>>> print(open('my_file.cif').read())   # mmCIF, C-alpha atoms
data_protein
#
loop_
_atom_site.label_atom_id
_atom_site.label_comp_id
_atom_site.auth_asym_id
_atom_site.auth_seq_id
_atom_site.Cartn_x
_atom_site.Cartn_y
_atom_site.Cartn_z
CA MET A 511 0.00 0.00 0.00
CA GLU A 512 1.82 3.11 -1.23
CA THR A 513 1.34 6.54 0.29
CA ALA A 514 2.34 9.65 -1.61
CA VAL A 515 2.44 13.26 -0.47
CA VAL A 516 1.62 16.42 -2.38
CA ILE A 517 3.37 19.45 -0.88
CA VAL A 518 1.57 22.62 -1.99
CA ALA A 519 4.27 25.26 -2.48
CA ALA A 520 3.08 27.31 -5.46
CA GLY A 521 1.78 30.31 -3.51
CA ARG A 522 3.41 33.72 -3.57
CA GLY A 523 3.07 34.49 0.17
CA THR A 524 5.39 37.53 0.04
CA ARG A 525 3.86 39.62 2.82
CA VAL A 526 6.35 38.28 5.36
CA GLY A 527 9.16 40.45 4.03
CA ALA A 528 9.86 43.18 1.51
CA ASP A 529 12.39 41.19 -0.54
CA GLY A 530 9.77 39.38 -2.60
CA VAL A 531 10.84 35.89 -1.47
CA PRO A 532 7.82 33.60 -1.00
CA LYS A 533 7.42 32.47 2.59
CA GLN A 534 8.07 28.79 1.83
CA TYR A 535 11.62 29.68 0.74
CA ARG A 536 12.38 31.93 3.69
CA SER A 537 14.57 30.73 6.51
CA VAL A 538 13.31 29.72 9.93
CA GLY A 539 15.79 28.49 12.49
CA GLY A 540 18.56 28.55 9.89
CA ALA A 541 16.82 26.32 7.32
CA PRO A 542 14.29 27.04 4.54
CA VAL A 543 10.67 26.49 5.52
CA LEU A 544 10.13 24.20 2.54
CA GLY A 545 13.30 22.26 3.35
CA ARG A 546 12.02 21.50 6.84
CA THR A 547 8.66 20.45 5.38
CA LEU A 548 10.21 18.14 2.79
CA GLU A 549 12.52 16.50 5.33
CA SER A 550 9.64 15.58 7.62
CA PHE A 551 7.93 13.57 4.90
CA VAL A 552 10.96 12.19 3.06
CA ALA A 553 12.30 10.83 6.36
CA HIS A 554 9.02 9.18 7.41
CA PRO A 555 9.03 5.38 7.00
CA ARG A 556 5.37 5.23 5.89
CA ILE A 557 5.79 7.76 3.08
CA ASP A 558 6.85 6.38 -0.31
CA GLN A 559 6.78 9.39 -2.67
CA VAL A 560 6.89 13.15 -2.17
CA MET A 561 5.78 15.49 -4.95
CA THR A 562 6.01 19.26 -4.66
CA VAL A 563 3.79 21.69 -6.53
CA ILE A 564 5.75 24.87 -7.25
CA HIS A 565 5.32 28.19 -9.00
CA SER A 566 6.84 28.47 -12.47
CA ASP A 567 9.09 31.29 -11.22
CA ASP A 568 10.53 29.16 -8.41
CA LYS A 569 12.30 26.38 -10.31
CA ASP A 570 15.78 27.48 -9.24
CA ARG A 571 14.69 28.17 -5.67
CA PHE A 572 13.14 24.73 -5.41
CA ALA A 573 16.16 23.00 -6.93
CA ALA A 574 18.40 24.59 -4.28
CA VAL A 575 16.10 23.56 -1.42
CA ALA A 576 15.48 20.04 -2.76
CA GLU A 577 19.13 19.25 -3.49
CA PRO A 578 19.76 17.38 -0.19
CA PHE A 579 16.72 15.14 -0.69
CA THR A 580 16.71 12.17 -3.03
CA GLY A 581 15.02 8.82 -3.37
CA LYS A 582 11.43 9.55 -2.38
CA LEU A 583 11.37 13.05 -3.86
CA VAL A 584 9.89 13.03 -7.37
CA LYS A 585 9.97 15.68 -10.08
CA PRO A 586 7.89 18.74 -9.12
CA VAL A 587 4.93 20.01 -11.11
CA ILE A 588 3.84 23.58 -11.78
CA GLY A 589 0.83 24.80 -9.83
CA GLY A 590 -2.17 26.88 -10.85
CA ALA A 591 -3.76 30.18 -9.96
CA THR A 592 -5.40 28.83 -6.80
CA ARG A 593 -4.49 26.29 -4.15
CA GLN A 594 -7.25 24.06 -5.48
CA ASP A 595 -5.74 24.20 -8.98
CA SER A 596 -2.31 23.40 -7.56
CA VAL A 597 -3.53 20.35 -5.65
CA ARG A 598 -5.28 19.07 -8.77
CA ALA A 599 -2.03 19.50 -10.72
CA GLY A 600 -0.20 17.52 -8.05
CA LEU A 601 -2.76 14.73 -8.20
CA GLU A 602 -2.45 14.60 -11.99
CA GLY A 603 1.32 14.42 -11.61
CA LEU A 604 0.94 11.33 -9.42
CA ALA A 605 -1.65 9.64 -11.62
CA GLU A 606 0.84 7.41 -13.44
CA ARG A 607 2.26 6.21 -10.12
CA GLU A 608 -1.21 5.32 -8.81
CA PRO A 609 -0.50 5.43 -5.06
CA THR A 610 -3.11 3.94 -2.77
CA ASN A 611 -3.17 6.95 -0.45
CA VAL A 612 -2.23 10.58 -0.80
CA LEU A 613 -1.53 13.24 1.82
CA ILE A 614 -1.97 16.93 0.97
CA HIS A 615 0.19 19.29 3.00
CA ASP A 616 0.85 23.03 3.04
CA ALA A 617 4.52 23.89 2.51
CA ALA A 618 4.17 26.65 5.11
CA ARG A 619 3.59 24.10 7.90
CA PRO A 620 7.20 23.00 8.48
CA PHE A 621 6.72 21.39 11.88
CA ALA A 622 4.47 18.41 11.12
CA ASP A 623 6.08 15.76 13.30
CA ALA A 624 6.48 12.06 12.64
CA ALA A 625 3.75 11.08 15.09
CA LEU A 626 1.19 13.38 13.42
CA ILE A 627 2.03 12.03 9.96
CA GLY A 628 1.79 8.49 11.31
CA ARG A 629 -1.67 9.12 12.79
CA VAL A 630 -3.01 10.37 9.47
CA VAL A 631 -1.57 7.47 7.46
CA ALA A 632 -2.76 4.87 9.98
CA ALA A 633 -6.32 6.26 9.94
CA LEU A 634 -6.47 5.76 6.17
CA ASP A 635 -6.56 2.01 6.80
CA THR A 636 -10.23 2.41 7.73
CA ASN A 637 -11.27 5.78 6.27
CA ASP A 638 -11.48 7.43 2.84
CA GLY A 639 -10.43 10.80 4.24
CA VAL A 640 -8.63 11.97 7.37
CA VAL A 641 -8.07 15.46 8.78
CA PRO A 642 -5.79 16.27 11.74
CA ALA A 643 -7.57 18.83 13.89
CA LEU A 644 -7.57 20.54 17.25
CA ALA A 645 -10.73 21.18 19.26
CA VAL A 646 -11.77 24.82 19.51
CA THR A 647 -11.31 25.91 23.12
CA ASP A 648 -11.80 29.68 22.84
CA THR A 649 -15.22 31.33 22.99
CA LEU A 650 -16.33 32.23 19.47
CA LYS A 651 -18.12 35.44 18.51
CA LYS A 652 -19.88 36.33 15.27
CA ALA A 653 -19.69 39.97 14.23
CA ASP A 654 -21.31 42.17 11.61
CA GLY A 655 -19.51 44.27 9.04
CA ASP A 656 -18.87 47.02 11.58
CA GLY A 657 -17.19 44.71 14.06
CA LYS A 658 -20.19 44.57 16.39
CA VAL A 659 -20.89 41.24 18.07
CA ILE A 660 -24.04 39.62 16.76
CA LYS A 661 -23.96 36.45 18.83
CA THR A 662 -21.83 33.92 20.61
CA VAL A 663 -21.26 30.77 18.59
CA GLU A 664 -21.55 27.40 20.29
CA ARG A 665 -18.07 25.84 20.13
CA THR A 666 -19.06 22.27 20.96
CA GLY A 667 -18.12 20.01 18.09
CA LEU A 668 -15.97 22.65 16.36
CA TRP A 669 -12.42 21.83 15.29
CA ARG A 670 -9.48 23.68 13.75
CA ALA A 671 -8.36 21.74 10.66
CA GLN A 672 -4.68 21.27 9.83
CA THR A 673 -2.66 19.49 7.20
CA PRO A 674 -1.50 16.91 6.16
CA GLN A 675 -4.97 15.76 5.16
CA GLY A 676 -5.04 12.17 3.94
CA PHE A 677 -7.26 10.47 1.37
CA ARG A 678 -7.63 7.44 -0.82
CA PHE A 679 -5.89 8.71 -3.92
CA ALA A 680 -8.44 7.66 -6.52
CA LYS A 681 -11.36 9.07 -4.53
CA LEU A 682 -9.73 12.47 -3.89
CA ARG A 683 -8.72 12.76 -7.54
CA ALA A 684 -12.31 12.04 -8.60
CA ALA A 685 -13.59 14.65 -6.14
CA HIS A 686 -11.22 17.30 -7.51
CA GLU A 687 -12.21 16.49 -11.10
CA ALA A 688 -15.89 16.75 -10.19
CA ALA A 689 -15.34 20.13 -8.55
CA PHE A 690 -13.44 21.35 -11.60
CA ARG A 691 -16.19 20.28 -13.99
CA ALA A 692 -18.78 21.94 -11.73
CA GLY A 693 -16.84 25.20 -11.77
CA ARG A 694 -16.35 25.11 -8.01
CA ASP A 695 -13.13 26.81 -6.99
CA ASP A 696 -14.19 28.17 -3.60
CA PHE A 697 -13.19 25.28 -1.32
CA THR A 698 -10.77 26.21 1.46
CA ASP A 699 -9.22 22.76 1.91
CA ASP A 700 -9.25 19.29 0.38
CA ALA A 701 -11.48 17.86 3.07
CA ALA A 702 -14.19 20.34 2.01
CA ILE A 703 -13.98 19.04 -1.57
CA ALA A 704 -14.15 15.45 -0.33
CA GLU A 705 -17.18 16.23 1.84
CA TRP A 706 -18.93 17.99 -1.07
CA HIS A 707 -18.30 14.92 -3.22
CA GLY A 708 -19.92 12.65 -0.65
CA LEU A 709 -16.86 11.16 1.04
CA GLU A 710 -16.85 10.58 4.78
CA VAL A 711 -13.93 12.31 6.46
CA ALA A 712 -12.68 11.36 9.91
CA LEU A 713 -10.73 13.44 12.42
CA VAL A 714 -7.50 12.52 14.16
CA GLU A 715 -5.62 14.47 16.77
CA GLY A 716 -3.63 17.37 15.35
CA ALA A 717 -0.59 19.01 16.92
CA GLU A 718 -0.23 22.49 18.41
CA VAL A 719 3.30 22.75 17.04
CA ASN A 720 1.98 22.21 13.49
CA VAL A 721 1.44 25.92 12.88
CA LYS A 722 1.11 27.58 9.49
CA LEU A 723 3.65 30.37 8.97
CA THR A 724 1.86 33.29 7.34
CA THR A 725 2.90 36.60 8.87
CA SER A 726 6.14 38.11 10.16
CA GLU A 727 4.81 37.53 13.66
CA ASP A 728 4.42 33.81 12.89
CA PHE A 729 8.05 33.61 11.79
CA GLU A 730 9.26 35.49 14.87
CA ALA A 731 7.28 33.15 17.14
CA ALA A 732 8.71 30.11 15.35
CA GLU A 733 12.26 31.46 15.70
CA GLN A 734 11.73 32.00 19.41
CA GLN A 735 10.37 28.49 19.87
CA LEU A 736 13.28 26.94 17.98
CA ARG A 737 15.80 28.95 19.98
CA ALA A 738 14.13 27.87 23.22
CA ARG A 739 14.27 24.24 22.17
CA SER A 740 17.86 24.60 21.09
CA GLU A 741 18.87 26.09 24.42
CA SER A 742 16.91 23.62 26.53
CA ALA A 743 17.25 20.46 24.48
CA GLY A 744 20.56 19.95 22.68
CA GLU A 745 19.61 16.30 22.46
CA ILE A 746 22.43 13.83 21.81
CA ARG A 747 21.73 11.03 19.33
CA PHE A 748 23.84 7.96 18.53
CA GLY A 749 23.69 5.81 15.40
CA GLN A 750 25.54 2.81 14.06
CA GLY A 751 25.96 1.20 10.66
CA PHE A 752 27.37 -1.98 9.15
CA ASP A 753 28.08 -2.95 5.55
CA VAL A 754 29.76 -5.71 3.55
CA HIS A 755 30.96 -5.93 -0.05
CA ALA A 756 32.51 -8.92 -1.77
CA PHE A 757 35.66 -8.76 -3.87
CA CYS A 758 35.37 -8.93 -7.65
CA ASP A 759 37.67 -8.41 -10.60
CA GLY A 760 39.39 -5.03 -10.56
CA ASP A 761 42.53 -3.11 -9.76
CA HIS A 762 41.39 -0.86 -6.89
CA VAL A 763 38.84 -0.40 -4.13
CA MET A 764 37.11 2.74 -2.89
CA LEU A 765 37.38 3.01 0.89
CA CYS A 766 36.14 6.03 2.84
CA GLY A 767 36.22 8.11 -0.32
CA VAL A 768 39.83 7.24 -1.21
CA ARG A 769 40.95 5.13 -4.20
CA VAL A 770 43.24 2.38 -2.94
CA ALA A 771 45.18 0.19 -5.38
CA HIS A 772 44.44 -3.51 -4.91
CA GLU A 773 44.46 -6.73 -6.88
CA LYS A 774 40.67 -6.92 -6.60
CA GLY A 775 37.73 -4.56 -6.77
CA LEU A 776 34.56 -4.48 -4.67
CA ALA A 777 31.21 -5.58 -6.13
CA GLY A 778 28.27 -3.24 -5.70
CA HIS A 779 25.58 -1.25 -7.49
CA SER A 780 27.35 2.03 -6.69
CA ASP A 781 31.11 2.38 -6.16
CA ALA A 782 30.83 -0.17 -3.30
CA ASP A 783 32.58 2.08 -0.77
CA VAL A 784 31.87 -0.10 2.24
CA GLY A 785 33.21 2.49 4.71
CA LEU A 786 31.04 5.37 3.49
CA HIS A 787 28.01 3.08 3.24
CA ALA A 788 28.33 2.04 6.87
CA LEU A 789 28.85 5.65 7.93
CA THR A 790 25.83 6.83 5.93
CA ASP A 791 23.65 4.31 7.76
CA ALA A 792 25.08 5.42 11.11
CA LEU A 793 24.20 9.05 10.42
CA LEU A 794 20.72 8.19 9.16
CA GLY A 795 20.25 6.17 12.32
CA THR A 796 20.74 9.24 14.51
CA ILE A 797 17.54 10.78 13.14
CA GLY A 798 15.55 7.61 12.51
CA ALA A 799 15.66 8.15 8.74
CA GLY A 800 15.94 4.54 7.59
CA ASP A 801 19.02 3.26 5.82
CA ILE A 802 20.96 3.86 2.63
CA GLY A 803 18.76 1.46 0.68
CA THR A 804 15.67 3.49 1.61
CA HIS A 805 16.96 6.60 -0.11
CA PHE A 806 19.24 5.07 -2.78
CA PRO A 807 17.69 1.70 -3.68
CA PRO A 808 20.01 -0.61 -5.64
CA SER A 809 17.05 -1.42 -7.89
CA ASP A 810 17.14 2.14 -9.26
CA PRO A 811 19.47 2.32 -12.29
CA LYS A 812 20.32 5.97 -11.67
CA TRP A 813 22.54 4.96 -8.75
CA LYS A 814 24.53 2.53 -10.89
CA GLY A 815 28.19 3.38 -10.37
CA ALA A 816 27.36 6.42 -8.22
CA THR A 817 30.06 7.73 -5.91
CA SER A 818 29.22 7.22 -2.27
CA ASP A 819 30.22 10.71 -1.18
CA GLY A 820 26.81 11.84 -2.45
CA PHE A 821 25.07 9.36 -0.15
CA LEU A 822 27.03 10.63 2.83
CA ARG A 823 26.34 14.29 1.99
CA ASP A 824 22.64 13.49 1.76
CA ALA A 825 22.64 12.00 5.28
CA ALA A 826 24.54 15.01 6.63
CA SER A 827 22.07 17.39 4.97
CA ARG A 828 19.13 15.61 6.60
CA ILE A 829 20.75 16.14 9.98
CA SER A 830 21.39 19.81 9.19
CA VAL A 831 17.76 20.37 8.21
CA ARG A 832 16.78 19.00 11.61
CA GLY A 833 18.93 21.69 13.22
CA GLY A 834 21.58 19.12 14.16
CA ARG A 835 25.34 18.99 13.95
CA ILE A 836 27.72 16.08 13.77
CA VAL A 837 29.77 15.66 16.95
CA ASN A 838 31.99 12.80 15.78
CA VAL A 839 32.10 9.76 13.50
CA ASP A 840 34.10 6.54 13.80
CA VAL A 841 34.66 3.98 11.01
CA THR A 842 36.28 0.57 11.43
CA LEU A 843 37.33 -1.29 8.27
CA ILE A 844 37.57 -5.09 8.64
CA CYS A 845 39.83 -6.82 6.12
CA GLU A 846 43.09 -8.71 5.64
CA ALA A 847 44.01 -6.57 2.65
CA PRO A 848 44.62 -3.95 1.43
CA LYS A 849 46.58 -2.26 4.18
CA ILE A 850 44.64 0.69 5.58
CA GLY A 851 47.39 2.38 7.61
CA PRO A 852 49.07 4.22 4.72
CA HIS A 853 45.71 5.71 3.67
CA ARG A 854 44.15 6.42 7.07
CA ASP A 855 44.90 10.16 7.17
CA ALA A 856 43.66 10.67 3.63
CA MET A 857 40.44 8.85 4.53
CA ARG A 858 39.92 10.99 7.60
CA GLU A 859 40.44 14.18 5.60
CA ARG A 860 38.10 12.99 2.86
CA ILE A 861 35.29 12.18 5.29
CA ALA A 862 35.82 15.46 7.13
CA GLY A 863 35.54 17.34 3.84
CA ILE A 864 32.34 15.58 2.81
CA LEU A 865 30.71 16.18 6.21
CA GLU A 866 32.20 19.69 6.59
CA VAL A 867 33.57 18.94 10.04
CA ALA A 868 37.06 19.17 11.54
CA SER A 869 39.20 16.10 10.88
CA GLU A 870 39.65 15.66 14.63
CA ARG A 871 35.99 14.65 14.73
CA VAL A 872 36.67 11.77 12.33
CA SER A 873 38.24 8.43 13.24
CA VAL A 874 39.18 5.68 10.78
CA LYS A 875 40.52 2.39 12.09
CA ALA A 876 41.25 -1.04 10.66
CA THR A 877 41.32 -4.55 12.03
CA THR A 878 41.45 -8.15 10.84
CA THR A 879 39.56 -11.23 11.94
CA GLU A 880 42.74 -13.25 12.41
CA GLY A 881 42.07 -15.30 9.31
CA LEU A 882 38.53 -16.24 10.37
CA GLY A 883 35.33 -15.78 8.38
CA PHE A 884 34.84 -14.32 4.91
CA THR A 885 37.15 -11.39 5.59
CA GLY A 886 39.78 -13.78 6.90
CA ARG A 887 39.46 -15.77 3.70
CA ARG A 888 39.91 -12.50 1.75
CA GLU A 889 36.51 -12.79 0.12
CA GLY A 890 35.50 -9.21 0.84
CA ILE A 891 35.60 -6.24 3.20
CA ALA A 892 33.27 -5.29 6.05
CA ALA A 893 32.89 -1.99 7.85
CA GLN A 894 31.14 -0.79 10.94
CA ALA A 895 30.57 2.84 11.84
CA ALA A 896 29.29 4.92 14.71
CA ALA A 897 28.10 8.52 14.74
CA THR A 898 27.12 11.02 17.41
CA VAL A 899 24.88 13.96 16.58
CA ARG A 900 23.61 16.86 18.67
CA LEU A 901 20.13 17.96 17.62
CA GLY A 902 19.17 21.56 18.15
CA TYR A 903 15.55 20.90 19.07
CA GLY A 904 13.26 18.08 20.04
CA GLU A 905 11.47 15.51 17.93
CA ASP A 906 8.17 17.31 18.25
CA ALA A 907 9.48 20.30 16.29
CA ARG A 908 10.23 18.43 13.10
#
>>> encode(input="my_file.cif", output="structure tokens")
Amino acid sequence: METAVVIVAAGRGTRVGADGVPKQYRSVGGAPVLGRTLESFVAHPRIDQVMTVIHSDDKDRFAAVAEPFTGKLVKPVIGGATRQDSVRAGLEGLAEREPTNVLIHDAARPFADAALIGRVVAALDTNDGVVPALAVTDTLKKADGDGKVIKTVERTGLWRAQTPQGFRFAKLRAAHEAAFRAGRDDFTDDAAIAEWHGLEVALVEGAEVNVKLTTSEDFEAAEQQLRARSESAGEIRFGQGFDVHAFCDGDHVMLCGVRVAHEKGLAGHSDADVGLHALTDALLGTIGAGDIGTHFPPSDPKWKGATSDGFLRDAASRISVRGGRIVNVDVTLICEAPKIGPHRDAMRERIAGILEVASERVSVKATTTEGLGFTGRREGIAAQAAATVRLGYGEDAR
């Protein structure tokens, strides 16, 4: 059962600042709003594809923001004059992929956490539509055109809708097509279109942190919250990775980003750099973002022969988007040959350069298995890696 996401990012939203930059490309907490939004969904284990709907003027902006994200992120589509038009364009862009479920999310909500996304996806097992929402707790007043109170509105049963809103893909697409044919372009969210089309939509618990950034005041409040989390949290995360590649015909191996002459090569879909593969998994482990195969599947021909430094940079970028920094990494290469000692410093410098950290934060070691096992028989090379990361804010702020 595949679940895709449509991120709606085609709006202009320039009232936040005077520089004309749409709000989804502005920075909050040192990272672009859209970058934070994309990372939340790309990193989620129950999300299979992420499509972004962008404005035709924002192709370069989007390319810069999307650069760290690969694998689940698919080619963006151009949006329309209204949000409704943009969502319909996103659904059409996913039509060939035919996902079972689709989530629609506003790019300007960068703090949708993993638990919220999980609740929406899980509820689609038994519902055609799902909306995360928060119960209205304030007293509501209805006013006339002059700002005079007409009456107090009963708040029982009233909810504040958020995104991501989830639906059965085929049913939401049909609802959007029906609305288009009927000339209806006045719906304020996708749940309203689904309801109009006769679909039953269920509610799940939303999240207070899942705010929509619209005004300068919203951005200032978000900055303050992120700073507070950074000062109070500083959470330390640890991850580990392990990888193995068998020897094959060749005249060199790639180890920790360094070409090492050898009588054999290493077999793999990419460059088979066992050290960088293990380290990539260790870094992904610190943020619960799956493993290297999740983001760079060996079944995808575009990764054939790819250099593994790109995989490692991707993992580091995901940590950066989360407001984290790498404290240290440690790689152990397990083999009888080639000799690692003469190349150790070059490997440390190469890893440090890829991760943009000081070389003193990088350790590369080597050991043998005393002739035991497949490495002892010189059938291949194994590597294990560990990584420590300090996150700037808690999991709930993702």
>>> closest_residue(input="my_file.cif", among="A:Ala847, A:Ala689, A:Val587, A:Ile517", to="Asp616 (chain A)", atoms="only C-alpha atoms")
A:Ile517
>>> residues_near_point(input="my_file.cif", point="(-10.3, 6.3, 6.8)", cutoff="9 Å", atoms="only C-alpha atoms", output="short mmCIF file (atom, residue, chain, number, x, y, z; two decimals) with C-alpha atoms, in the frame of the given file")
data_model
loop_
_atom_site.label_atom_id
_atom_site.label_comp_id
_atom_site.auth_asym_id
_atom_site.auth_seq_id
_atom_site.Cartn_x
_atom_site.Cartn_y
_atom_site.Cartn_z
CA VAL A 630 -3.01 10.37 9.47
CA VAL A 631 -1.57 7.47 7.46
CA ALA A 632 -2.76 4.87 9.98
CA ALA A 633 -6.32 6.26 9.94
CA LEU A 634 -6.47 5.76 6.17
CA ASP A 635 -6.56 2.01 6.80
CA THR A 636 -10.23 2.41 7.73
CA ASN A 637 -11.27 5.78 6.27
CA ASP A 638 -11.48 7.43 2.84
CA GLY A 639 -10.43 10.80 4.24
CA VAL A 640 -8.63 11.97 7.37
CA GLY A 676 -5.04 12.17 3.94
CA PHE A 677 -7.26 10.47 1.37
CA ARG A 678 -7.63 7.44 -0.82
CA GLU A 710 -16.85 10.58 4.78
CA VAL A 711 -13.93 12.31 6.46
CA ALA A 712 -12.68 11.36 9.91
#
>>> closest_residue(input="my_file.cif", among="A:Gln534, A:Val839, A:Gly523, A:Thr513", to="Arg607 (chain A)", atoms="all atoms listed in the file")
A:Thr513
>>> atom_distance(input="my_file.cif", atom1="CA of Asn838 (chain A)", atom2="CA of Ala799 (chain A)")
18.4 Å
>>> closest_residue(input="my_file.cif", among="A:Pro811, A:Gly881, A:Gly708, A:Pro848", to="Ser780 (chain A)", atoms="all atoms listed in the file")
A:Pro811
>>> closest_residue(input="my_file.cif", among="A:Cys758, A:Val543, A:Ala897, A:Ala653", to="Val831 (chain A)", atoms="all atoms listed in the file")
A:Val543
>>> resolve_selection(input="my_file.cif", expression="the PyMOL selection byres ((chain A and resi 841) around 6)", output="JSON, numbers by chain")
{"A": [840, 842, 874, 894, 895]}
>>> resolve_selection(input="my_file.cif", expression="the PyMOL selection byres ((chain A and resi 770) around 9)", output="ChimeraX atom specification")
/A:761-765,768-769,771-772,848,850,853
>>> write_last_selection(input="my_file.cif", atoms="C-alpha atoms", output="JSON list (two decimals), keeping the file's coordinate frame")
[["chain", "number", "residue", "atom", "x", "y", "z"],
["A", 761, "ASP", "CA", 42.53, -3.11, -9.76],
["A", 762, "HIS", "CA", 41.39, -0.86, -6.89],
["A", 763, "VAL", "CA", 38.84, -0.40, -4.13],
["A", 764, "MET", "CA", 37.11, 2.74, -2.89],
["A", 765, "LEU", "CA", 37.38, 3.01, 0.89],
["A", 768, "VAL", "CA", 39.83, 7.24, -1.21],
["A", 769, "ARG", "CA", 40.95, 5.13, -4.20],
["A", 771, "ALA", "CA", 45.18, 0.19, -5.38],
["A", 772, "HIS", "CA", 44.44, -3.51, -4.91],
["A", 848, "PRO", "CA", 44.62, -3.95, 1.43],
["A", 850, "ILE", "CA", 44.64, 0.69, 5.58],
["A", 853, "HIS", "CA", 45.71, 5.71, 3.67]]
>>> resolve_selection(input="my_file.cif", expression="the PyMOL selection byres ((chain A and resi 866) around 12)", output="PyMOL selection string")
chain A and resi 822-823+826-827+830+835-838+858-865+867-872
>>> atom_distance(input="my_file.cif", atom1="CA of Lys681 (chain A)", atom2="CA of Thr804 (chain A)")
28.3 Å
>>> closest_residue(input="my_file.cif", among="A:Lys722, A:Lys774, A:Lys812, A:Lys585", to="Leu604 (chain A)", atoms="only C-alpha atoms")
A:Lys585
>>> axis_aligned_box(input="my_file.cif", around="region 823-826 of chain A", padding_each_side="6 Å", output="JSON")
{"center_x": 24.5, "center_y": 13.5, "center_z": 4.2, "size_x": 15.7, "size_y": 15.0, "size_z": 16.9}
>>> closest_residue(input="my_file.cif", among="A:Cys766, A:Ile588, A:Ile703, A:Leu713", to="Val641 (chain A)", atoms="all atoms listed in the file")
A:Leu713
>>> atom_distance(input="my_file.cif", atom1="CA of Cys845 (chain A)", atom2="CA of His805 (chain A)")
27.2 Å
>>> residues_near_point(input="my_file.cif", point="(-2.9, 11.4, -12.6)", cutoff="12 Å", atoms="all atoms listed in the file", output="PyMOL selection string")
chain A and resi 587+597-609+612+679-684+686-687
